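What's in coords-v3.csv: CSV, C-alpha atoms
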chain,number,residue,atom,x,y,z
A,1,MET,CA,12.0,-127.3,-29.9
A,2,ARG,CA,11.1,-123.6,-29.9
A,3,ALA,CA,12.9,-122.7,-26.7
A,4,GLU,CA,16.1,-124.1,-28.2
A,5,ARG,CA,15.6,-122.0,-31.4
A,6,LEU,CA,14.8,-118.8,-29.4
A,7,LEU,CA,18.0,-119.3,-27.5
A,8,ARG,CA,20.0,-119.8,-30.7
A,9,LEU,CA,18.4,-116.7,-32.2
A,10,LEU,CA,19.2,-114.6,-29.2
A,11,LEU,CA,22.9,-115.8,-29.0
A,12,HIS,CA,23.3,-115.3,-32.7
A,13,LEU,CA,22.3,-111.7,-32.4
A,14,GLN,CA,24.6,-111.3,-29.4
A,15,THR,CA,27.6,-112.9,-31.1
A,16,ARG,CA,27.1,-111.8,-34.7
A,17,GLY,CA,25.4,-108.5,-34.2
A,18,GLN,CA,22.9,-106.9,-36.6
A,19,SER,CA,21.5,-109.5,-39.0
A,20,THR,CA,18.7,-109.5,-41.6
A,21,VAL,CA,15.7,-111.9,-41.4
A,22,ASP,CA,17.1,-113.8,-44.3
A,23,GLN,CA,20.5,-114.2,-42.6
A,24,LEU,CA,18.8,-115.4,-39.4
A,25,ALA,CA,16.6,-117.8,-41.3
A,26,HIS,CA,19.6,-119.3,-43.0
A,27,ALA,CA,21.5,-119.6,-39.7
A,28,LEU,CA,18.6,-121.3,-38.0
A,29,GLU,CA,17.5,-123.3,-41.0
A,30,VAL,CA,13.9,-122.1,-40.8
A,31,SER,CA,11.7,-119.8,-42.9
A,32,PRO,CA,11.8,-116.0,-42.7
A,33,ARG,CA,8.2,-116.0,-41.4
A,34,THR,CA,9.3,-118.3,-38.5
A,35,VAL,CA,12.2,-115.9,-37.7
A,36,GLN,CA,9.8,-113.0,-37.6
A,37,ARG,CA,7.5,-114.8,-35.2
A,38,ASP,CA,10.5,-115.7,-33.0
A,39,LEU,CA,11.7,-112.1,-33.0
A,40,ASP,CA,8.2,-111.0,-31.9
A,41,ALA,CA,8.2,-113.6,-29.1
A,42,LEU,CA,11.6,-112.4,-27.8
A,43,SER,CA,10.3,-108.8,-27.8
A,44,LEU,CA,7.1,-109.8,-25.9
A,45,ALA,CA,9.4,-111.7,-23.4
A,46,GLY,CA,11.2,-108.4,-22.7
A,47,VAL,CA,14.3,-109.0,-24.8
A,48,PRO,CA,15.3,-105.6,-26.4
A,49,VAL,CA,15.4,-106.6,-30.0
A,50,TYR,CA,14.7,-103.8,-32.5
A,51,SER,CA,14.6,-103.4,-36.3
A,52,ILE,CA,16.8,-101.1,-38.3
A,53,ARG,CA,15.0,-100.0,-41.5
A,54,GLY,CA,16.3,-99.0,-44.8
A,55,ARG,CA,19.3,-100.2,-46.9
A,56,GLY,CA,21.7,-102.2,-44.8
A,57,GLY,CA,19.1,-102.6,-42.1
A,58,GLY,CA,18.2,-105.7,-40.1
A,59,TRP,CA,17.6,-106.8,-36.5
A,60,ALA,CA,19.8,-106.1,-33.5
A,61,LEU,CA,19.9,-106.1,-29.7
A,62,LEU,CA,20.5,-103.1,-27.6
A,63,PRO,CA,24.3,-102.7,-27.2
A,64,ASP,CA,24.4,-103.2,-23.5
A,65,TYR,CA,22.1,-106.2,-23.4
A,66,ARG,CA,23.4,-109.6,-22.5
A,67,SER,CA,21.2,-112.7,-21.8
A,68,ARG,CA,21.1,-113.8,-18.2
A,69,LEU,CA,20.9,-117.6,-18.9
A,70,THR,CA,23.3,-118.6,-16.2
A,71,GLY,CA,24.0,-121.9,-14.4
A,72,LEU,CA,24.2,-124.1,-17.6
A,73,THR,CA,27.0,-126.7,-17.5
A,74,PRO,CA,29.1,-127.2,-20.7
A,75,SER,CA,27.3,-130.4,-21.6
A,76,GLU,CA,23.9,-128.7,-21.1
A,77,VAL,CA,24.9,-125.9,-23.4
A,78,MET,CA,26.2,-128.3,-26.0
A,79,SER,CA,22.9,-130.3,-25.8
A,80,VAL,CA,21.0,-127.0,-26.7
A,81,PHE,CA,23.3,-126.0,-29.5
A,82,VAL,CA,23.6,-129.3,-31.1
A,83,GLY,CA,19.9,-128.7,-32.0
A,84,ALA,CA,19.3,-132.5,-32.2
A,85,THR,CA,16.5,-134.8,-31.5
A,86,ALA,CA,16.4,-137.2,-28.6
A,87,HIS,CA,18.2,-140.1,-30.3
A,88,VAL,CA,21.1,-137.9,-31.4
A,89,LEU,CA,21.5,-136.6,-27.8
A,90,ALA,CA,21.4,-140.2,-26.5
A,91,ASP,CA,24.1,-141.2,-29.0
A,92,LEU,CA,26.3,-138.4,-27.6
A,93,GLY,CA,25.4,-139.1,-24.0
A,94,LEU,CA,23.7,-135.8,-23.6
A,95,ASP,CA,20.1,-136.8,-23.2
A,96,ALA,CA,20.0,-136.1,-19.4
A,97,SER,CA,21.7,-132.7,-19.9
A,98,SER,CA,19.1,-131.7,-22.5
A,99,ASP,CA,16.3,-132.2,-20.0
A,100,GLN,CA,18.2,-130.1,-17.4
A,101,ALA,CA,19.0,-127.4,-19.9
A,102,VAL,CA,15.3,-127.1,-20.9
A,103,ALA,CA,14.3,-126.8,-17.2
A,104,LYS,CA,16.8,-124.0,-16.6
A,105,LEU,CA,15.8,-122.2,-19.8
A,106,ILE,CA,12.1,-122.3,-18.8
A,107,ALA,CA,13.0,-121.1,-15.3
A,108,SER,CA,14.8,-118.1,-16.8
A,109,LEU,CA,11.7,-116.9,-18.7
A,110,PRO,CA,9.3,-114.2,-17.4
A,111,GLU,CA,6.4,-115.8,-15.5
A,112,GLY,CA,3.8,-115.5,-18.2
A,113,THR,CA,6.0,-116.9,-20.9
A,114,ARG,CA,7.2,-119.6,-18.5
A,115,ARG,CA,3.7,-120.8,-18.0
A,116,GLU,CA,3.1,-120.9,-21.7
A,117,ALA,CA,6.3,-122.8,-22.4
A,118,GLU,CA,5.6,-125.4,-19.7
A,119,TYR,CA,2.0,-125.7,-20.9
A,120,ALA,CA,3.2,-126.6,-24.4
A,121,ARG,CA,6.0,-128.8,-23.2
A,122,GLN,CA,3.6,-131.0,-21.3
A,123,ARG,CA,1.3,-131.3,-24.3
A,124,LEU,CA,3.6,-131.7,-27.3
A,125,LEU,CA,6.3,-134.3,-27.9
A,126,ILE,CA,8.1,-134.9,-31.2
A,127,ASP,CA,9.6,-138.4,-31.4
A,128,HIS,CA,11.6,-139.0,-34.6
A,129,ALA,CA,12.6,-142.6,-33.7
A,130,GLY,CA,10.9,-145.5,-35.5
A,131,TRP,CA,8.7,-148.1,-33.7
A,132,ASP,CA,11.4,-150.8,-34.2
A,133,ASP,CA,14.4,-148.7,-33.2
A,134,ARG,CA,17.0,-151.2,-32.2
A,135,ARG,CA,20.0,-149.4,-33.7
A,136,GLU,CA,23.0,-148.8,-31.4
A,137,ALA,CA,25.2,-145.7,-31.6
A,138,PRO,CA,28.1,-146.2,-34.2
A,139,ARG,CA,31.0,-148.1,-32.7
A,140,TRP,CA,33.5,-145.4,-33.4
A,141,LEU,CA,31.4,-142.3,-32.5
A,142,ASP,CA,33.0,-141.6,-29.1
A,143,LEU,CA,36.5,-141.9,-30.5
A,144,CYS,CA,35.7,-139.6,-33.5
A,145,ARG,CA,34.1,-137.1,-31.2
A,146,GLN,CA,37.2,-137.1,-29.0
A,147,ALA,CA,39.4,-136.6,-32.1
A,148,VAL,CA,37.2,-133.7,-33.4
A,149,TRP,CA,37.2,-132.0,-30.0
A,150,GLU,CA,41.0,-132.4,-29.4
A,151,GLU,CA,42.0,-131.8,-33.0
A,152,ARG,CA,43.9,-135.0,-33.3
A,153,ARG,CA,44.3,-137.1,-36.5
A,154,ILE,CA,42.8,-140.6,-36.6
A,155,SER,CA,43.8,-143.6,-38.6
A,156,ILE,CA,40.9,-145.4,-40.2
A,157,THR,CA,40.0,-148.2,-42.5
A,158,TYR,CA,36.8,-147.7,-44.5
A,159,ALA,CA,34.3,-149.9,-46.3
A,160,ASP,CA,36.0,-152.6,-48.4
A,161,ARG,CA,39.4,-151.1,-48.1
A,162,THR,CA,42.0,-153.1,-46.1
A,163,ASP,CA,44.7,-150.4,-45.9
A,164,ALA,CA,44.5,-147.8,-43.1
A,165,PHE,CA,44.8,-144.1,-43.9
A,166,THR,CA,45.0,-141.0,-41.7
A,167,VAL,CA,42.5,-138.1,-41.8
A,168,ALA,CA,42.0,-134.9,-39.8
A,169,PRO,CA,38.5,-135.0,-38.4
A,170,LEU,CA,36.7,-131.7,-38.7
A,171,GLY,CA,33.1,-132.4,-37.6
A,172,LEU,CA,30.3,-135.0,-37.0
A,173,VAL,CA,26.9,-134.8,-38.7
A,174,ALA,CA,23.8,-136.8,-37.7
A,175,LYS,CA,21.3,-137.1,-40.5
A,176,ALA,CA,18.2,-139.0,-39.6
A,177,ARG,CA,19.5,-142.2,-38.0
A,178,THR,CA,23.0,-142.1,-39.5
A,179,TRP,CA,26.2,-140.5,-38.3
A,180,TYR,CA,28.8,-139.0,-40.7
A,181,LEU,CA,32.4,-137.9,-40.2
A,182,VAL,CA,33.6,-134.9,-42.2
A,183,ALA,CA,37.4,-135.0,-42.4
A,184,ALA,CA,40.4,-133.7,-44.4
A,185,ARG,CA,42.7,-136.2,-46.2
A,186,PRO,CA,46.5,-135.7,-46.2
A,187,ASP,CA,46.1,-133.8,-49.5
A,188,ASN,CA,43.6,-131.5,-47.8
A,189,GLN,CA,40.7,-132.7,-49.8
A,190,LEU,CA,37.5,-132.8,-47.7
A,191,ARG,CA,35.6,-136.1,-47.6
A,192,THR,CA,32.5,-137.4,-45.8
A,193,TYR,CA,32.7,-140.9,-44.2
A,194,ARG,CA,29.7,-142.8,-42.9
A,195,LEU,CA,30.6,-144.0,-39.4
A,196,GLY,CA,28.7,-147.3,-39.9
A,197,ARG,CA,31.1,-148.2,-42.7
A,198,LEU,CA,34.3,-147.7,-40.6
A,199,THR,CA,35.9,-151.0,-40.0
A,200,SER,CA,38.6,-149.6,-37.6
A,201,ALA,CA,39.6,-146.3,-36.1
A,202,THR,CA,42.6,-145.4,-34.0
A,203,LEU,CA,43.2,-142.1,-32.3
A,204,THR,CA,46.8,-140.8,-32.9
A,205,ASN,CA,48.8,-138.3,-31.0
A,206,GLU,CA,49.3,-136.2,-34.1
A,207,PRO,CA,47.6,-132.8,-33.9
A,208,PHE,CA,46.4,-130.9,-36.8
A,209,THR,CA,45.5,-127.2,-37.5
A,210,ARG,CA,41.8,-126.7,-38.3
A,211,PRO,CA,41.3,-124.8,-41.5
A,212,PRO,CA,40.3,-121.3,-40.4
A,213,ALA,CA,37.8,-120.9,-43.2
A,214,PHE,CA,36.1,-124.2,-42.7
A,215,ASP,CA,32.4,-124.1,-41.6
A,216,LEU,CA,30.7,-127.4,-40.9
A,217,ALA,CA,27.2,-126.2,-41.8
A,218,THR,CA,28.3,-124.6,-45.0
A,219,TYR,CA,30.2,-127.6,-46.1
A,220,TRP,CA,27.4,-130.0,-45.3
A,221,ALA,CA,24.8,-127.8,-47.2
A,222,ALA,CA,27.1,-127.7,-50.2
A,223,SER,CA,27.7,-131.5,-50.1
A,224,GLN,CA,24.0,-132.2,-49.9
A,225,ARG,CA,23.3,-130.0,-52.9
A,226,GLU,CA,26.0,-131.8,-54.9
A,227,PHE,CA,24.6,-135.2,-53.8
A,228,ARG,CA,21.1,-134.2,-54.9
A,229,ALA,CA,22.4,-132.9,-58.2
A,230,SER,CA,24.2,-136.1,-58.9
A,231,ARG,CA,21.2,-138.4,-58.1
A,232,PRO,CA,19.2,-139.7,-61.0
A,233,SER,CA,16.0,-137.7,-61.4
A,234,TYR,CA,12.7,-138.8,-62.8
A,235,PRO,CA,10.2,-135.9,-62.8
A,236,ILE,CA,6.5,-136.7,-62.5
A,237,VAL,CA,3.2,-134.9,-62.2
A,238,LEU,CA,0.5,-136.3,-59.9
A,239,ARG,CA,-3.1,-135.7,-58.8
A,240,VAL,CA,-3.0,-136.2,-55.1
A,241,ARG,CA,-5.4,-136.0,-52.1
A,242,ASP,CA,-4.4,-133.4,-49.6
A,243,HIS,CA,-3.8,-135.9,-46.8
A,244,ALA,CA,-1.4,-137.8,-49.0
A,245,ILE,CA,0.7,-134.9,-50.2
A,246,ARG,CA,3.2,-135.4,-47.3
A,247,ARG,CA,4.1,-138.7,-48.8
A,248,PHE,CA,5.7,-136.8,-51.7
A,249,ARG,CA,8.0,-133.9,-51.9
A,250,PRO,CA,6.6,-131.2,-54.3
A,251,THR,CA,9.3,-129.5,-56.3
A,252,ALA,CA,7.0,-126.7,-57.5
A,253,PRO,CA,4.0,-124.8,-56.1
A,254,MET,CA,1.0,-127.1,-55.8
A,255,LEU,CA,-2.1,-126.3,-57.9
A,256,PRO,CA,-5.7,-126.9,-56.9
A,257,THR,CA,-7.7,-129.1,-59.2
A,258,GLY,CA,-11.0,-127.5,-58.5
A,259,GLU,CA,-12.1,-130.7,-56.7
A,260,GLU,CA,-12.2,-130.4,-52.9
A,261,GLY,CA,-9.2,-132.1,-51.3
A,262,TRP,CA,-7.3,-132.7,-54.6
A,263,TRP,CA,-4.1,-131.1,-55.8
A,264,ILE,CA,-1.7,-131.2,-58.8
A,265,ILE,CA,1.9,-131.6,-57.6
A,266,HIS,CA,5.2,-131.9,-59.4
A,267,THR,CA,7.8,-134.1,-57.8
A,268,ASP,CA,10.7,-136.3,-58.8
A,269,LEU,CA,12.0,-139.7,-57.8
A,270,GLU,CA,15.1,-141.6,-58.8
A,271,ASN,CA,13.5,-143.8,-61.5
A,272,ILE,CA,10.3,-145.0,-63.0
A,273,HIS,CA,10.1,-148.1,-60.8
A,274,GLU,CA,10.5,-146.1,-57.5
A,275,ALA,CA,7.8,-143.7,-58.8
A,276,CYS,CA,5.5,-146.6,-59.6
A,277,ALA,CA,5.9,-148.1,-56.1
A,278,ALA,CA,5.3,-144.7,-54.5
A,279,VAL,CA,2.0,-144.2,-56.4
A,280,LEU,CA,0.8,-147.8,-55.8
A,281,ALA,CA,1.5,-147.3,-52.1
A,282,GLN,CA,-1.1,-144.4,-52.2
A,283,ALA,CA,-3.7,-146.3,-54.1
A,284,GLY,CA,-6.8,-144.2,-54.4
A,285,ASN,CA,-5.1,-141.1,-53.1
A,286,ALA,CA,-2.6,-140.5,-56.0
A,287,GLU,CA,-3.0,-140.6,-59.7
A,288,VAL,CA,-0.4,-140.2,-62.4
A,289,ILE,CA,-0.8,-137.3,-64.9
A,290,ALA,CA,2.6,-137.5,-66.5
A,291,PRO,CA,4.6,-139.0,-68.0
A,292,PRO,CA,2.5,-141.5,-70.0
A,293,GLU,CA,4.9,-144.4,-69.5
A,294,LEU,CA,4.5,-144.2,-65.8
A,295,THR,CA,0.7,-144.3,-66.2
A,296,ASP,CA,1.1,-147.5,-68.2
A,297,LEU,CA,3.4,-149.1,-65.7
A,298,VAL,CA,1.2,-148.2,-62.7
A,299,ARG,CA,-1.9,-149.6,-64.5
A,300,ASP,CA,-0.1,-152.9,-65.4
A,301,ALA,CA,1.3,-153.3,-61.9
A,302,ALA,CA,-2.1,-152.6,-60.3
A,303,TRP,CA,-3.7,-155.2,-62.6
A,304,THR,CA,-1.1,-157.8,-61.8
A,305,ILE,CA,-1.7,-157.2,-58.1
A,306,PHE,CA,-5.4,-157.5,-58.6
A,307,GLU,CA,-5.1,-160.8,-60.5
A,308,ALA,CA,-2.8,-162.2,-57.9
A,309,THR,CA,-5.1,-161.4,-55.0
A,310,THR,CA,-8.3,-162.6,-56.6
A,311,ARG,CA,-7.1,-166.1,-57.7

Kindly present the structure from the file in structure tokens form.
Amino acid sequence: MRAERLLRLLLHLQTRGQSTVDQLAHALEVSPRTVQRDLDALSLAGVPVYSIRGRGGGWALLPDYRSRLTGLTPSEVMSVFVGATAHVLADLGLDASSDQAVAKLIASLPEGTRREAEYARQRLLIDHAGWDDRREAPRWLDLCRQAVWEERRISITYADRTDAFTVAPLGLVAKARTWYLVAARPDNQLRTYRLGRLTSATLTNEPFTRPPAFDLATYWAASQREFRASRPSYPIVLRVRDHAIRRFRPTAPMLPTGEEGWWIIHTDLENIHEACAAVLAQAGNAEVIAPPELTDLVRDAAWTIFEATTR
């Protein structure tokens, strides 16, 4: 939601001070172009943001400026800064607070901007949940959240292990429909645990000292890079119609084929069989260019399907 991102941008400048566009883009997890548009929007709304040119420059707020977003309760503030979609807020019990926070944010805007925000809010809704969304919040989410907030160790059993062990919970991460606990083991090694695989969790009375250098977003980004690097990779080149590109994740700039609506894209999947299934799912909208063995597998699989459906 843009109102949420604008608030995060504003408070980042208030708390961190002068920042470059690249630093802001990294903090907000958006593109530098999006940050530039948001800075322009803040300026048009009357927020005194200004640029400092030259070496060591960036964007900053006038020294005496402070936002006047008052009246937000702690849960409403948290619902904004979590930056989550509706199902995440619902898991945390913050969905009602999110609606109240948005209403207060809109009310704090200048009249012209407020009308524009309310106009968009009534016409655009992004729902990330699936049609058959029967999942319940993880059983241990509330306990883990309490442990993270109160900085108390928890004793857990995980996956197929039967022995309990104690960890210091440092943060919770919601990725798509899955919750993860980031925690430090007794040897201070950081680990990530999927909440759905916890078989038991007990809150202890043993406090711990949070590592002063630990940053949840930095850790998560690094762990995701390591995970992607460790995954099997099967690079392929495809000729794809423009409306089917979103089904793939290009790993390099796309190239036009010269035919209207068609592009050459590079992507990679885990193995040849996953690549074959992905191409077949886009029959008529995706064709294999390389490697040759994938072309052969897709052709053979398509012929088998054809024979099975024409008998």

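The spacing separating CA of Ser31 (chain A) from CA of Asp215 (chain A) amounts to 21.2 Å.
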
**Complete:** From CA of Ile264 (chain A) to CA of Arg246 (chain A) the spacing works out at 13.2 Å

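Interatomic distance, CA of Arg210 (chain A) to CA of Glu226 (chain A): 23.5 Å.
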
**Point (29.8, -145.8, -36.6), cut-off 9 Å, counting all atoms listed in the file, residues as a PyMOL selection string** = chain A and resi 137-141+178-180+194-199

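With all atoms listed in the file taken into account, every residue lying no more than 9 Å from the file point (49.2, -140.4, -45.4) is included here: Phe165, Thr166, Val167, Arg185, Pro186 and Asp187 of chain A.
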
**Item:** Counting all atoms listed in the file, the residue of A:Thr20, A:His266, A:Thr192, A:Ala184 that sits nearest Pro32 (chain A)
**Value:** A:Thr20

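Near Pro291 (chain A), within 12 Å and counting all atoms listed in the file, sit Tyr234, Pro235, Ile236, Val237, Leu238, His266, Thr267, Asp268, Ile272, Ala275, Cys276, Leu297 and Val298 of chain A, not including residues fewer than 6 positions from it in the same chain.
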